[in-house]
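As stored in target_8.cif (mmCIF, C-alpha atoms):
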```
data_run
loop_
_atom_site.group_PDB
_atom_site.id
_atom_site.type_symbol
_atom_site.label_atom_id
_atom_site.label_comp_id
_atom_site.auth_asym_id
_atom_site.auth_seq_id
_atom_site.Cartn_x
_atom_site.Cartn_y
_atom_site.Cartn_z
ATOM 1 C CA MET A 1 54.755 162.600 114.616
ATOM 2 C CA ARG A 2 57.260 160.312 116.272
ATOM 3 C CA VAL A 3 58.018 160.810 119.929
ATOM 4 C CA TRP A 4 61.368 159.009 119.949
ATOM 5 C CA ARG A 5 64.606 159.676 118.137
ATOM 6 C CA PHE A 6 67.298 157.029 117.861
ATOM 7 C CA TYR A 7 71.050 157.564 117.719
ATOM 8 C CA GLU A 8 74.166 155.461 117.162
ATOM 9 C CA TYR A 9 77.116 155.917 119.471
ATOM 10 C CA VAL A 10 80.482 156.723 117.884
ATOM 11 C CA ASP A 11 83.386 156.279 120.283
ATOM 12 C CA ALA A 12 86.377 158.549 120.631
ATOM 13 C CA THR A 13 88.288 156.574 117.978
ATOM 14 C CA GLY A 14 85.449 157.085 115.484
ATOM 15 C CA ARG A 15 84.185 153.505 115.719
ATOM 16 C CA ASN A 16 80.433 153.020 115.403
ATOM 17 C CA ALA A 17 79.874 149.508 116.769
ATOM 18 C CA LEU A 18 76.230 149.337 115.702
ATOM 19 C CA ARG A 19 77.160 150.341 112.166
ATOM 20 C CA VAL A 20 79.989 147.779 112.061
ATOM 21 C CA TRP A 21 77.573 145.067 113.155
ATOM 22 C CA ILE A 22 74.774 145.890 110.741
ATOM 23 C CA SER A 23 76.673 146.945 107.620
ATOM 24 C CA GLY A 24 76.089 144.598 104.705
ATOM 25 C CA ARG A 25 73.161 142.926 106.471
ATOM 26 C CA PRO A 26 70.017 144.183 104.751
ATOM 27 C CA LYS A 27 67.686 141.791 106.584
ATOM 28 C CA HIS A 28 68.979 142.951 109.960
ATOM 29 C CA THR A 29 68.607 146.536 108.834
ATOM 30 C CA ALA A 30 64.998 146.018 107.747
ATOM 31 C CA ARG A 31 64.045 144.240 110.981
ATOM 32 C CA LEU A 32 65.681 146.907 113.114
ATOM 33 C CA ASP A 33 64.076 149.724 111.097
ATOM 34 C CA ILE A 34 60.594 148.273 111.497
ATOM 35 C CA LEU A 35 61.030 147.522 115.181
ATOM 36 C CA LEU A 36 62.342 151.006 115.953
ATOM 37 C CA ALA A 37 59.475 152.544 113.968
ATOM 38 C CA HIS A 38 57.010 150.654 116.152
ATOM 39 C CA LEU A 39 58.802 151.263 119.460
ATOM 40 C CA ALA A 40 58.702 154.950 118.583
ATOM 41 C CA THR A 41 54.899 154.826 118.724
ATOM 42 C CA ILE A 42 55.013 154.069 122.468
ATOM 43 C CA PRO A 43 55.643 157.328 124.345
ATOM 44 C CA ASP A 44 56.795 155.794 127.628
ATOM 45 C CA SER A 45 59.823 153.536 127.183
ATOM 46 C CA LYS A 46 58.934 151.503 130.249
ATOM 47 C CA TYR A 47 56.192 149.957 128.118
ATOM 48 C CA TRP A 48 58.661 148.877 125.432
ATOM 49 C CA ASP A 49 59.361 145.911 127.693
ATOM 50 C CA THR A 50 56.100 143.967 127.670
ATOM 51 C CA GLY A 51 57.273 141.657 130.425
ATOM 52 C CA GLU A 52 56.595 138.718 128.124
ATOM 53 C CA THR A 53 59.155 135.997 127.463
ATOM 54 C CA ASN A 54 59.528 137.211 123.892
ATOM 55 C CA THR A 55 59.252 140.927 124.513
ATOM 56 C CA PRO A 56 60.631 142.984 121.584
ATOM 57 C CA PHE A 57 62.659 145.040 124.032
ATOM 58 C CA LYS A 58 64.112 144.164 127.395
ATOM 59 C CA TRP A 59 65.757 146.286 130.035
ATOM 60 C CA LEU A 60 68.720 144.387 131.476
ATOM 61 C CA THR A 61 68.385 144.049 135.227
ATOM 62 C CA LYS A 62 70.306 140.943 136.293
ATOM 63 C CA VAL A 63 73.864 142.302 136.160
ATOM 64 C CA LYS A 64 74.595 145.498 138.054
ATOM 65 C CA ALA A 65 77.055 146.767 135.456
ATOM 66 C CA GLN A 66 74.393 146.419 132.785
ATOM 67 C CA LEU A 67 71.697 148.438 134.528
ATOM 68 C CA GLY A 68 70.380 151.107 132.209
ATOM 69 C CA LEU A 69 71.034 148.992 129.139
ATOM 70 C CA GLY A 70 68.198 147.654 127.039
ATOM 71 C CA GLU A 71 68.348 145.067 124.282
ATOM 72 C CA ILE A 72 66.237 145.196 121.146
ATOM 73 C CA ARG A 73 65.124 141.675 120.315
ATOM 74 C CA PHE A 74 64.325 140.228 116.932
ATOM 75 C CA HIS A 75 65.166 137.272 114.730
ATOM 76 C CA VAL A 76 66.672 137.070 111.282
ATOM 77 C CA ASP A 77 66.505 133.706 109.544
ATOM 78 C CA GLY A 78 65.725 132.096 112.887
ATOM 79 C CA LEU A 79 68.729 133.559 114.675
ATOM 80 C CA ALA A 80 68.274 135.901 117.628
ATOM 81 C CA GLN A 81 69.621 139.429 117.306
ATOM 82 C CA ARG A 82 70.266 141.667 120.302
ATOM 83 C CA PRO A 83 71.444 145.175 119.500
ATOM 84 C CA ALA A 84 71.619 147.104 122.743
ATOM 85 C CA GLY A 85 71.585 150.678 123.903
ATOM 86 C CA CYS A 86 70.556 153.090 126.611
ATOM 87 C CA LEU A 87 68.373 156.127 127.042
ATOM 88 C CA GLY A 88 69.958 159.249 125.664
ATOM 89 C CA ASN A 89 70.832 162.393 127.593
ATOM 90 C CA ALA A 90 67.998 164.292 125.902
ATOM 91 C CA PRO A 91 64.367 163.343 126.602
ATOM 92 C CA SER A 92 62.814 160.743 124.308
ATOM 93 C CA THR A 93 66.103 159.675 122.791
ATOM 94 C CA PHE A 94 67.678 156.243 122.722
ATOM 95 C CA VAL A 95 71.291 155.551 121.836
ATOM 96 C CA LEU A 96 72.240 152.301 120.127
ATOM 97 C CA LEU A 97 75.611 151.221 121.488
ATOM 98 C CA VAL A 98 76.377 147.782 120.029
ATOM 99 C CA GLY A 99 75.006 145.085 117.772
ATOM 100 C CA CYS A 100 74.941 141.490 118.851
ATOM 101 C CA ASP A 101 73.987 138.058 117.501
ATOM 102 C CA LYS A 102 72.823 135.353 119.856
ATOM 103 C CA GLN A 103 72.944 131.589 119.328
ATOM 104 C CA GLY A 104 71.650 129.619 122.277
ATOM 105 C CA ASN A 105 73.369 131.158 125.266
ATOM 106 C CA ARG A 106 76.313 132.468 123.261
ATOM 107 C CA TYR A 107 76.676 136.055 122.130
ATOM 108 C CA PHE A 108 78.689 137.373 119.189
ATOM 109 C CA PRO A 109 80.734 139.354 119.932
ATOM 110 C CA PRO A 110 81.073 137.438 123.221
ATOM 111 C CA ASP A 111 81.608 140.554 125.318
ATOM 112 C CA ALA A 112 78.902 142.579 123.557
ATOM 113 C CA PHE A 113 77.221 143.716 126.740
ATOM 114 C CA GLY A 114 80.537 144.546 128.396
ATOM 115 C CA GLN A 115 81.253 146.723 125.364
ATOM 116 C CA ALA A 116 77.778 148.211 125.644
ATOM 117 C CA ALA A 117 78.281 149.072 129.321
ATOM 118 C CA LYS A 118 81.648 150.688 128.527
ATOM 119 C CA ALA A 119 80.128 152.654 125.655
ATOM 120 C CA ARG A 120 77.222 153.735 127.869
ATOM 121 C CA ASP A 121 79.636 155.054 130.498
ATOM 122 C CA GLU A 122 81.695 156.864 127.872
ATOM 123 C CA TYR A 123 78.587 158.368 126.316
ATOM 124 C CA ARG A 124 77.341 159.595 129.667
ATOM 125 C CA ALA A 125 80.768 161.037 130.419
ATOM 126 C CA GLY A 126 80.592 163.042 127.230
ATOM 127 C CA ILE A 127 83.219 160.967 125.442
ATOM 128 C CA GLY A 128 82.601 160.272 121.767
ATOM 129 C CA THR A 129 79.589 161.467 119.855
ATOM 130 C CA VAL A 130 76.307 160.242 118.367
ATOM 131 C CA VAL A 131 74.775 160.220 114.897
ATOM 132 C CA GLU A 132 71.053 159.995 114.374
ATOM 133 C CA ARG A 133 69.735 156.709 113.070
ATOM 134 C CA GLN A 134 66.982 157.500 110.597
ATOM 135 C CA VAL A 135 63.851 155.440 111.132
ATOM 136 C CA PRO A 136 61.442 154.933 108.211
ATOM 137 C CA MET B 1 64.062 159.013 107.324
ATOM 138 C CA SER B 2 63.502 160.833 104.069
ATOM 139 C CA LYS B 3 61.546 159.184 101.317
ATOM 140 C CA ALA B 4 64.684 159.176 99.177
ATOM 141 C CA THR B 5 66.670 157.379 101.884
ATOM 142 C CA LEU B 6 63.996 154.745 102.343
ATOM 143 C CA HIS B 7 63.701 154.320 98.592
ATOM 144 C CA ALA B 8 67.444 153.746 98.395
ATOM 145 C CA LYS B 9 67.200 151.042 101.047
ATOM 146 C CA LEU B 10 64.238 149.411 99.344
ATOM 147 C CA LYS B 11 66.265 149.051 96.158
ATOM 148 C CA GLU B 12 68.014 146.158 97.889
ATOM 149 C CA PRO B 13 65.726 143.109 97.379
ATOM 150 C CA GLU B 14 66.701 141.446 100.667
ATOM 151 C CA TYR B 15 65.930 144.655 102.545
ATOM 152 C CA ARG B 16 62.558 145.253 100.944
ATOM 153 C CA HIS B 17 61.315 141.700 101.343
ATOM 154 C CA GLU B 18 62.380 141.576 104.981
ATOM 155 C CA PHE B 19 60.803 145.028 105.397
ATOM 156 C CA VAL B 20 57.471 143.550 104.307
ATOM 157 C CA SER B 21 57.866 140.469 106.458
ATOM 158 C CA ALA B 22 58.856 142.469 109.544
ATOM 159 C CA ASN B 23 56.081 144.956 108.955
ATOM 160 C CA ILE B 24 53.554 142.117 109.012
ATOM 161 C CA ASP B 25 54.658 140.206 112.056
ATOM 162 C CA THR B 26 56.054 143.082 114.105
ATOM 163 C CA GLY B 27 53.332 145.485 113.047
ATOM 164 C CA LEU B 28 50.510 143.071 113.791
ATOM 165 C CA ALA B 29 51.934 142.163 117.189
ATOM 166 C CA PHE B 30 52.158 145.827 118.170
ATOM 167 C CA GLN B 31 48.706 146.557 116.778
ATOM 168 C CA ILE B 32 47.016 143.668 118.583
ATOM 169 C CA ARG B 33 48.497 144.948 121.828
ATOM 170 C CA ALA B 34 47.435 148.514 120.999
ATOM 171 C CA LEU B 35 43.868 147.481 120.161
ATOM 172 C CA ARG B 36 43.594 145.371 123.296
ATOM 173 C CA GLU B 37 44.878 148.172 125.510
ATOM 174 C CA GLN B 38 42.627 150.680 123.731
ATOM 175 C CA ARG B 39 39.687 148.544 124.866
ATOM 176 C CA LYS B 40 41.215 148.048 128.318
ATOM 177 C CA TRP B 41 41.061 144.280 127.969
ATOM 178 C CA SER B 42 43.488 141.908 129.617
ATOM 179 C CA GLN B 43 45.220 139.285 127.506
ATOM 180 C CA GLN B 44 42.962 136.730 129.161
ATOM 181 C CA GLU B 45 39.862 138.695 128.180
ATOM 182 C CA LEU B 46 40.942 138.921 124.553
ATOM 183 C CA GLY B 47 41.819 135.228 124.563
ATOM 184 C CA ARG B 48 38.347 134.423 125.809
ATOM 185 C CA ARG B 49 36.763 136.633 123.152
ATOM 186 C CA ILE B 50 38.546 134.832 120.315
ATOM 187 C CA GLY B 51 37.597 131.450 121.695
ATOM 188 C CA ARG B 52 40.878 130.219 123.167
ATOM 189 C CA LYS B 53 40.495 127.188 125.369
ATOM 190 C CA PRO B 54 40.191 127.792 129.098
ATOM 191 C CA GLY B 55 43.655 128.130 130.543
ATOM 192 C CA GLN B 56 45.102 129.053 127.148
ATOM 193 C CA GLU B 57 43.595 132.523 126.872
ATOM 194 C CA GLN B 58 46.479 134.546 128.273
ATOM 195 C CA PRO B 59 49.422 132.508 126.876
ATOM 196 C CA GLY B 60 47.794 132.455 123.464
ATOM 197 C CA ILE B 61 47.466 136.234 123.296
ATOM 198 C CA SER B 62 50.946 136.686 124.718
ATOM 199 C CA LYS B 63 52.279 134.788 121.701
ATOM 200 C CA LEU B 64 50.221 136.865 119.284
ATOM 201 C CA GLU B 65 51.625 140.045 120.787
ATOM 202 C CA THR B 66 55.159 138.787 120.222
ATOM 203 C CA ALA B 67 56.983 140.360 117.291
ATOM 204 C CA GLY B 68 57.995 137.626 114.883
ATOM 205 C CA HIS B 69 55.030 135.363 115.520
ATOM 206 C CA ALA B 70 53.548 133.765 112.391
ATOM 207 C CA PHE B 71 49.864 134.648 112.110
ATOM 208 C CA SER B 72 47.160 132.601 110.423
ATOM 209 C CA LEU B 73 44.408 134.357 108.540
ATOM 210 C CA ALA B 74 41.848 132.460 110.615
ATOM 211 C CA THR B 75 43.275 133.956 113.814
ATOM 212 C CA LEU B 76 43.400 137.428 112.314
ATOM 213 C CA LYS B 77 39.737 137.157 111.311
ATOM 214 C CA LYS B 78 38.797 136.113 114.845
ATOM 215 C CA LEU B 79 40.731 139.063 116.237
ATOM 216 C CA ALA B 80 39.028 141.463 113.823
ATOM 217 C CA GLU B 81 35.658 140.148 114.958
ATOM 218 C CA ALA B 82 36.578 140.458 118.624
ATOM 219 C CA PHE B 83 37.814 144.031 118.167
ATOM 220 C CA ASP B 84 34.861 144.768 115.859
ATOM 221 C CA VAL B 85 37.136 146.248 113.230
ATOM 222 C CA ALA B 86 37.726 145.525 109.569
ATOM 223 C CA LEU B 87 40.673 143.485 108.354
ATOM 224 C CA VAL B 88 42.216 144.217 104.970
ATOM 225 C CA VAL B 89 44.629 141.679 103.472
ATOM 226 C CA ARG B 90 45.820 142.660 100.024
ATOM 227 C CA PHE B 91 48.908 143.176 97.915
ATOM 228 C CA VAL B 92 50.108 146.763 97.578
ATOM 229 C CA PRO B 93 53.030 148.666 96.044
ATOM 230 C CA PHE B 94 56.090 149.066 98.252
ATOM 231 C CA SER B 95 55.450 152.793 98.360
ATOM 232 C CA GLU B 96 52.166 152.154 100.179
ATOM 233 C CA ALA B 97 53.822 149.897 102.751
ATOM 234 C CA ALA B 98 56.574 152.475 103.202
ATOM 235 C CA ASN B 99 54.032 155.243 103.744
ATOM 236 C CA TRP B 100 52.248 153.176 106.374
ATOM 237 C CA VAL B 101 55.453 152.710 108.349
ATOM 238 C CA SER B 102 56.521 156.327 107.876
ATOM 239 C CA ASN B 103 53.214 157.584 109.239
ATOM 240 C CA LEU B 104 53.355 155.525 112.424
ATOM 241 C CA GLY B 105 53.007 157.606 115.550
ATOM 242 C CA PRO B 106 51.451 157.504 119.008
ATOM 243 C CA GLY B 107 47.893 156.235 118.699
ATOM 244 C CA SER B 108 48.201 155.404 115.013
ATOM 245 C CA LEU B 109 47.773 151.685 115.638
ATOM 246 C CA GLU B 110 44.460 152.172 117.418
ATOM 247 C CA VAL B 111 41.269 151.537 115.460
ATOM 248 C CA ALA B 112 37.729 152.453 116.434
ATOM 249 C CA SER B 113 35.256 149.606 116.597
ATOM 250 C CA PHE B 114 32.212 149.871 114.351
ATOM 251 C CA PRO B 115 29.942 151.835 116.730
ATOM 252 C CA GLN B 116 32.685 154.441 117.213
ATOM 253 C CA ASP B 117 33.728 154.541 113.551
ATOM 254 C CA ARG B 118 33.519 158.258 112.697
ATOM 255 C CA GLY B 119 33.767 157.460 109.018
ATOM 256 C CA PHE B 120 30.038 156.766 109.138
ATOM 257 C CA ASP B 121 28.966 159.867 111.063
ATOM 258 C CA GLU B 122 27.344 161.531 108.086
ATOM 259 C CA VAL B 123 25.390 158.429 107.187
ATOM 260 C CA ARG B 124 24.233 158.099 110.755
ATOM 261 C CA GLN B 125 22.982 161.675 110.672
ATOM 262 C CA ALA B 126 21.354 161.385 107.276
ATOM 263 C CA THR B 127 19.463 158.204 108.041
ATOM 264 C CA SER B 128 17.759 159.324 111.156
ATOM 265 C CA THR B 129 15.297 156.482 110.991
ATOM 266 C CA LEU B 130 18.148 154.219 112.004
ATOM 267 C CA PHE B 131 18.439 156.024 115.277
ATOM 268 C CA PRO B 132 16.562 154.652 118.214
ATOM 269 C CA THR B 133 12.917 155.433 118.398
ATOM 270 C CA SER B 134 12.893 154.711 122.057
ATOM 271 C CA CYS B 135 15.351 155.131 124.848
ATOM 272 C CA PHE B 136 14.981 154.224 128.459
ATOM 273 C CA THR B 137 16.932 155.738 131.231
ATOM 274 C CA THR B 138 17.325 154.585 134.752
ATOM 275 C CA GLY B 139 19.153 156.112 137.612
ATOM 276 C CA HIS B 140 18.923 159.817 137.996
ATOM 277 C CA GLU B 141 21.730 160.366 140.443
ATOM 278 C CA PRO B 142 23.931 163.236 139.373
ATOM 279 C CA GLY B 143 26.461 162.099 136.853
ATOM 280 C CA HIS B 144 25.046 158.648 136.377
ATOM 281 C CA ALA B 145 22.456 157.088 134.139
ATOM 282 C CA GLN B 146 21.839 153.949 132.161
ATOM 283 C CA VAL B 147 20.426 153.826 128.682
ATOM 284 C CA MET B 148 18.931 151.007 126.674
ATOM 285 C CA VAL B 149 19.037 151.668 122.958
ATOM 286 C CA ASP B 150 17.441 149.888 120.056
ATOM 287 C CA GLY B 151 19.696 151.241 117.356
ATOM 288 C CA PRO B 152 23.254 152.417 116.864
ATOM 289 C CA ALA B 153 23.653 155.915 118.175
ATOM 290 C CA TYR B 154 25.703 158.391 120.063
ATOM 291 C CA PHE B 155 24.286 160.126 123.095
ATOM 292 C CA ARG B 156 24.903 163.236 125.048
ATOM 293 C CA PHE B 157 23.425 163.725 128.461
ATOM 294 C CA THR B 158 22.005 167.151 129.052
ATOM 295 C CA GLN B 159 21.351 168.837 132.343
ATOM 296 C CA ASP B 160 18.182 166.863 132.743
ATOM 297 C CA LYS B 161 19.465 163.310 132.939
ATOM 298 C CA SER B 162 16.272 161.949 131.516
ATOM 299 C CA GLU B 163 16.762 163.825 128.296
ATOM 300 C CA ILE B 164 18.932 162.235 125.691
ATOM 301 C CA VAL B 165 19.845 163.890 122.462
ATOM 302 C CA ARG B 166 21.411 162.572 119.330
ATOM 303 C CA THR B 167 24.219 164.719 118.205
ATOM 304 C CA ARG B 168 27.401 164.760 116.299
ATOM 305 C CA ASP B 169 28.301 168.232 117.422
ATOM 306 C CA VAL B 170 30.045 166.995 120.496
ATOM 307 C CA ALA B 171 33.316 165.154 120.604
ATOM 308 C CA TYR B 172 32.019 161.733 121.509
ATOM 309 C CA GLY B 173 34.279 159.632 123.556
ATOM 310 C CA SER B 174 34.864 162.326 126.120
ATOM 311 C CA ARG B 175 34.343 160.679 129.439
ATOM 312 C CA GLY B 176 31.324 161.372 131.512
ATOM 313 C CA THR B 177 29.088 163.011 128.994
ATOM 314 C CA VAL B 178 28.959 160.954 125.855
ATOM 315 C CA ALA B 179 28.744 157.303 125.001
ATOM 316 C CA SER B 180 28.086 155.128 122.034
ATOM 317 C CA ALA B 181 26.033 151.989 122.042
ATOM 318 C CA ALA B 182 25.204 149.089 119.810
ATOM 319 C CA PRO B 183 21.593 147.963 119.366
ATOM 320 C CA GLY B 184 20.094 146.299 122.352
ATOM 321 C CA ARG B 185 23.043 147.117 124.591
ATOM 322 C CA MET B 186 22.789 148.679 128.000
ATOM 323 C CA VAL B 187 25.418 151.317 128.506
ATOM 324 C CA THR B 188 26.372 153.125 131.645
ATOM 325 C CA ILE B 189 27.391 156.731 131.445
ATOM 326 C CA GLY B 190 28.722 158.360 134.518
#
```

Could you spell out this file's structure in structure tokens?
Amino acid sequence: MRVWRFYEYVDATGRNALRVWISGRPKHTARLDILLAHLATIPDSKYWDTGETNTPFKWLTKVKAQLGLGEIRFHVDGLAQRPAGCLGNAPSTFVLLVGCDKQGNRYFPPDAFGQAAKARDEYRAGIGTVVERQVP
Amino acid sequence: MSKATLHAKLKEPEYRHEFVSANIDTGLAFQIRALREQRKWSQQELGRRIGRKPGQEQPGISKLETAGHAFSLATLKKLAEAFDVALVVRFVPFSEAANWVSNLGPGSLEVASFPQDRGFDEVRQATSTLFPTSCFTTGHEPGHAQVMVDGPAYFRFTQDKSEIVRTRDVAYGSRGTVASAAPGRMVTIG
């Protein structure tokens, strides 16, 4: 029995940024599915971040506006992928807010984490809705 | 995710092949960490047990516990030996891989080492001659004793600390009362 449930944020206009990012990308989908299935085996989310350089999940702590956001980290064809989200309002839930590619120090979309912070604030304010992301 | 939904995703070749690849390198990384933590070993301790060079023990294990790391069979065999668990490498239908992922849950990545492997409990009971013919205890302070065994066995301490019984009627692994031991090993139970 899984402890965690994952959701995708849908903003007030009906846009699901995670879905937009991942649609038509079966490799990204597979990697994310497997990683979420494994993160869901760890009851306490503070242990998702191993503290290692290449941790599969990292809580963002350097920028004040990004506190509370966490990025899921994996590679597809050698390129870093950084979908990000935040803890949900209900216990043991995590809400995926945006998808993001990373090449070197550049992110695509460039303001992905600004979008994530905005989406997090909207979600916490009760704006928009969420849909469950099914994990294998 | 329902089986039908996962099946629909697996119909896409790119998805299913990446599913397998991710399940290997992500799954192994998570399982190595789970097995190490189950045994309460540091990364350095595990590195030492698989023969990493001095100074490379911790960084080496850190890499192995990183999702996406490419594993060699030689390293996996060393890890299996260190954890004292079996390693199965074989080709399977996608349905089997999908079931494995679908059944993941808290604790599901942990694996008992051979002495704690409950799959052999009945054999251990049936072949009583394999159980130790002699046991030695030292230390009779309340709640503490040491045992030297000469065969694989599980022990339960009774009220009299000098008395040791073989049993499978207790839930071994519960702290303080039960321990398992490999031949020739001194174990402390307290």

What residues in chain A have any atom no more than 9 Å from chain B when counting only C-alpha atoms, and can you write them as a VMD selection string?
-> chain A and resid 1 to 3 25 to 35 37 to 43 52 to 56 73 to 76 133 to 136

Selection: 8 Å around Thr93 in chain A, all atoms listed in the file, excl. self and same-chain fewer than 2 positions, as a PyMOL selection string | chain A and resi 4-7+87-91+95

Nearby residues (all atoms listed in the file) at most 10 Å from range 73-83 of chain B, same-chain spacing under 2 positions excluded, as a ChimeraX atom specification = /B:28,32,35-36,38-39,46-51,64,70-71,85-89,111-114

d(CA of Asp121 in chain A, CA of Asp49 in chain A) in Å = 22.4 Å

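Coordinates place CA of Gln81 in chain A at a distance of 12.4 Å from CA of Lys58 in chain A.
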
Of the listed residues A:Tyr47, A:Trp59, A:Tyr9, A:Tyr123, that which approaches Val98 in chain A most closely, counting all atoms listed in the file = A:Tyr9

Quick one: apply the PyMOL selection byres ((chain A and resi 109) around 12) to the file and drop the selected residues here as a ChimeraX atom specification.
-> /A:17-18,20-21,81-83,98-103,106-108,110-116

What is the distance between CA of Gln116 in chain B and CA of Arg90 in chain B, in Å to one decimal?
-> 24.6 Å

Please write as a PDB file with C-alpha atoms, keeping the file's coordinate frame the full residue list that the PyMOL selection byres ((chain A and resi 126) around 12) yields on this file.
```pdb
ATOM      1  CA  TYR A   9      77.116 155.917 119.471  1.00  0.00           C
ATOM      2  CA  VAL A  10      80.482 156.723 117.884  1.00  0.00           C
ATOM      3  CA  ASP A  11      83.386 156.279 120.283  1.00  0.00           C
ATOM      4  CA  ALA A  12      86.377 158.549 120.631  1.00  0.00           C
ATOM      5  CA  GLY A  88      69.958 159.249 125.664  1.00  0.00           C
ATOM      6  CA  ASN A  89      70.832 162.393 127.593  1.00  0.00           C
ATOM      7  CA  ALA A 119      80.128 152.654 125.655  1.00  0.00           C
ATOM      8  CA  ARG A 120      77.222 153.735 127.869  1.00  0.00           C
ATOM      9  CA  ASP A 121      79.636 155.054 130.498  1.00  0.00           C
ATOM     10  CA  GLU A 122      81.695 156.864 127.872  1.00  0.00           C
ATOM     11  CA  TYR A 123      78.587 158.368 126.316  1.00  0.00           C
ATOM     12  CA  ARG A 124      77.341 159.595 129.667  1.00  0.00           C
ATOM     13  CA  ALA A 125      80.768 161.037 130.419  1.00  0.00           C
ATOM     14  CA  ILE A 127      83.219 160.967 125.442  1.00  0.00           C
ATOM     15  CA  GLY A 128      82.601 160.272 121.767  1.00  0.00           C
ATOM     16  CA  THR A 129      79.589 161.467 119.855  1.00  0.00           C
ATOM     17  CA  VAL A 130      76.307 160.242 118.367  1.00  0.00           C
TER      18      VAL A 130
END
```
